[in-house]
Amino acid sequence: MDSSYSTGGWMILSLILALATVSPQAEARAFFVFGDSLVDSGNNDFLVTTARADSPPYGIDYPTHRPTGRFSNGLNIPDIISESMGAEPTLPYLSPLLTGERLLVGANFASAGIGILNDTGIQFLNIIRIWKQLEYFQQYQTRVSGLLGPAQTQQLVNQALVLITLGGNDFVNNYYLVPFSARSRQFSLPDYVRYVISEYRKVLMRLYELGGRRVLVTGTGPMGCVPAELAMRSRAGECAVELQRAAALFNPQLVQMINGLNSQIGANIFIPVNTMPMHMDFISDPQAYGFVTSKIACCGQGPYNGVGLCTLFSNLCPNRDIYAFWDPFHPSERANRFVVRQILTGTSKYMPLMNLSTILTLDSKT
Ligand SMILES: *[C@@H]1O[C@H](CO)[C@@H](O)[C@H](O)[C@H]1NC(C)=O
Ligand SMILES: *[C@@H]1O[C@H](CO)[C@@H](O)[C@H](O)[C@H]1NC(C)=O
């Protein structure tokens, strides 16, 4: 037997094994995230803006116990989705660490403060509006092409999971930002919702043109029930009526628009996520979910800890796991886990078209 021949065989085998172990990410499905502060994993830390979560106690329960730019005490919704797919969290697109193999995990383009409309969030100065996020997605694909070539890049993008979370700020930080806002003088609420939905349709169509083929699209949560709105608009702790009305108009029209897009394209590209009941479950019965309250934020000040920002000088609850809201606008990590559980395995009340488990099973067969 020729021993040098078998040594050569072993060398090839160990080379294959080595390649397989250095690039496990290349096996997993890529994940791309677009949207606002509910899904921003730190892009705004690289921008000149007031919408940032870059100082303690943000990140207090993150593995590093340091602020990361996430608007959470710990993980946010995209992190928990990555976790459930067995993947690393996607890095912010603006992070200098997002290079080489890490690009294949995906990227997070989200930026706190933005909305569907270009004029939403102007008070935050320099933020990455949705059309700029989509431009970055195109730039990302050019960068990955340099590593994998265009055909494999397109495959990576087509097979990826995408999450887009937009719309809340078009109400909270635009239409209802101040009394007699420019948009509220221009549009009645129902007309405004129709306009925002028609603009959102263009965004989703562009995402499809850029290669997105499995896109989770979240509706708005109960905007009127967040501690900030309770502090500003509520007398006895009841959810603010106008913002709840906005969500009640927006969400069904979003699902309708998505159904229209899917049938125009002829495939289930866009997957609606009915965030409203996902949140209302623990907001209406916090104790059933192990929360002591769904009205008072863990970190903040004033009524409901809902006034101003969460900073080192704020009230801070000792156990973040028993609060549904971390800060005046954003759920705690534990609340985010309840939301992601429904995205993964929820019935049609939560996931009207199909849940993420079903998507993962379907896509693993093709
Ligand atoms: C929003 O901005 C994008 C990019 O700058 C532009 O293409 C789009 O037309 C704008 N939308 C509206 C409604 O002005
Ligand atoms: C997901 O959706 C399917 C289809 O609606 C449903 O049968 C299933 O119970 C849901 N949950 C899981 C874990 O798949």
# chains A, B, ... in the order shown; residues from 1 in each chain; ligands from 1
>>> residues_near_ligand(ligand="ligand 2", cutoff="9 Å", atoms="only C-alpha atoms and all ligand atoms", output="ChimeraX atom specification")
/A:342-348,351-359,361
>>> closest_atom_pairs(of="chain A", to="ligand 1", cutoff="8 Å", atoms="only C-alpha atoms and all ligand atoms", output="CSV")
residue,atom,partner,partner_atom_place_in_ligand_line,distance
A:Leu117,CA,ligand 1,13 (C),6.6
A:Asn118,CA,ligand 1,1 (C),5.0
A:Arg129,CA,ligand 1,2 (O),8.0
A:Trp131,CA,ligand 1,4 (C),5.2
A:Lys132,CA,ligand 1,4 (C),6.8
A:Glu199,CA,ligand 1,13 (C),6.8
>>> residues_around(residues="Thr50 of chain A", least_positions_apart="4", cutoff="12 Å", atoms="only C-alpha atoms", output="list in words")
Asn44, Asp45, Phe46, Asp54, Ser55, Gly69, Ser111, Ala112, Gly113, Gly121, Ile122, Gln123, Phe124, Leu125, Asn126, Ile127 and Leu309 of chain A
>>> write_last_selection(atoms="C-alpha atoms", output="compact mmCIF listing (two decimals), in the first residue's frame")
# COMPACT_ATOMS: atom_id res chain seq x y z
CA ASN A 44 -27.20 54.76 16.12
CA ASP A 45 -24.12 54.56 18.34
CA PHE A 46 -22.14 55.38 15.20
CA ASP A 54 -25.24 53.88 24.54
CA SER A 55 -25.02 54.53 28.26
CA GLY A 69 -27.01 50.44 21.51
CA SER A 111 -31.91 52.76 13.24
CA ALA A 112 -33.82 54.10 16.23
CA GLY A 113 -36.23 56.94 15.52
CA GLY A 121 -37.93 61.30 13.37
CA ILE A 122 -36.43 64.51 11.96
CA GLN A 123 -36.04 65.69 15.58
CA PHE A 124 -33.36 63.00 16.06
CA LEU A 125 -31.11 64.61 13.42
CA ASN A 126 -28.84 62.03 11.82
CA ILE A 127 -30.59 58.64 11.66
CA LEU A 309 -35.07 58.97 29.01
>>> closest_residue(among="A:Asn336, A:Gln138, A:Gln133, A:Ser198", to="Leu261 of chain A", atoms="only C-alpha atoms")
A:Ser198
>>> closest_residue(among="A:Asp281, A:Glu209, A:Glu229, A:Glu101", to="Leu177 of chain A", atoms="only C-alpha atoms")
A:Glu229
>>> select_by_dssp(residues="segment 194-278 of chain A", states="helix (DSSP H, G or I)", output="JSON, numbers by chain")
{"A": [194, 195, 196, 197, 198, 199, 200, 201, 202, 203, 204, 205, 206, 207, 208, 209, 223, 224, 225, 227, 228, 229, 230, 231, 232, 233, 241, 242, 243, 244, 245, 246, 247, 248, 249, 250, 251, 252, 253, 254, 255, 256, 257, 258, 259, 260, 261, 262, 263, 264, 265, 275, 276, 277, 278]}
>>> closest_residue(among="A:Leu38, A:Ala297, A:Ala182, A:Leu156", to="Thr218 of chain A", atoms="only C-alpha atoms")
A:Leu38
>>> atom_distance(atom1="atom CA of Met223 of chain A", atom2="atom CA of Ala240 of chain A")
8.0 Å
>>> residues_around(residues="Val255 of chain A", least_positions_apart="4", cutoff="10 Å", atoms="only C-alpha atoms", output="list in words")
Val217, Thr218, Gly219, Phe250, Asn251, Asn259, Gly260, Leu261, Phe270, Ile271, Pro272, Val273, Asn274, Pro352 and Leu353 of chain A
>>> closest_residue(among="A:Ile130, A:Gln154, A:Ser314, A:Ser181", to="Thr142 of chain A", atoms="only C-alpha atoms")
A:Gln154
>>> closest_atom_pairs(of="segment 210-294 of chain A", to="segment 301-305 of chain A", cutoff="12 Å", atoms="only C-alpha atoms", output="tab-separated table")
residue	atom	partner	partner_atom	distance
A:Cys225	CA	A:Tyr304	CA	10.9
A:Val226	CA	A:Tyr304	CA	9.3
A:Pro227	CA	A:Tyr304	CA	5.6
A:Ala228	CA	A:Tyr304	CA	7.6
A:Glu229	CA	A:Tyr304	CA	9.4
A:Leu230	CA	A:Tyr304	CA	7.1
A:Ala231	CA	A:Pro303	CA	5.4
A:Met232	CA	A:Pro303	CA	8.8
A:Arg233	CA	A:Pro303	CA	11.0
A:Ser234	CA	A:Pro303	CA	10.1
A:Arg235	CA	A:Pro303	CA	10.6
A:Ala236	CA	A:Pro303	CA	10.9
A:Gly237	CA	A:Tyr304	CA	8.7
A:Glu238	CA	A:Tyr304	CA	11.8
A:Thr293	CA	A:Tyr304	CA	10.0
A:Ser294	CA	A:Tyr304	CA	9.5
>>> write_last_selection(atoms="C-alpha atoms", output="mmCIF file, in the first residue's frame")
data_model
loop_
_atom_site.group_PDB
_atom_site.id
_atom_site.type_symbol
_atom_site.label_atom_id
_atom_site.label_comp_id
_atom_site.auth_asym_id
_atom_site.auth_seq_id
_atom_site.Cartn_x
_atom_site.Cartn_y
_atom_site.Cartn_z
ATOM 1 C CA CYS A 225 -50.212 51.478 26.363
ATOM 2 C CA VAL A 226 -46.474 52.176 26.641
ATOM 3 C CA PRO A 227 -45.448 53.935 29.896
ATOM 4 C CA ALA A 228 -44.441 57.092 27.983
ATOM 5 C CA GLU A 229 -47.945 57.486 26.581
ATOM 6 C CA LEU A 230 -49.593 56.595 29.903
ATOM 7 C CA ALA A 231 -47.555 59.400 31.485
ATOM 8 C CA MET A 232 -48.409 61.871 28.742
ATOM 9 C CA ARG A 233 -52.014 61.065 27.857
ATOM 10 C CA SER A 234 -53.651 58.781 30.405
ATOM 11 C CA ARG A 235 -55.691 59.851 33.451
ATOM 12 C CA ALA A 236 -56.195 56.585 35.296
ATOM 13 C CA GLY A 237 -53.683 54.292 33.621
ATOM 14 C CA GLU A 238 -55.896 53.330 30.684
ATOM 15 C CA THR A 293 -46.747 45.444 36.202
ATOM 16 C CA SER A 294 -47.142 46.306 32.536
#
>>> residues_around(residues="Gln141 of chain A", least_positions_apart="6", cutoff="12 Å", atoms="only C-alpha atoms", output="PyMOL selection string")
chain A and resi 32+93+103-104+106-107+134-135+147-158+210-212
>>> closest_residue(among="A:Leu98, A:Leu312, A:Ala247, A:Met205", to="Val172 of chain A", atoms="only C-alpha atoms")
A:Ala247
>>> atom_distance(atom1="atom CA of Ser41 of chain A", atom2="atom CA of Lys295 of chain A")
24.8 Å
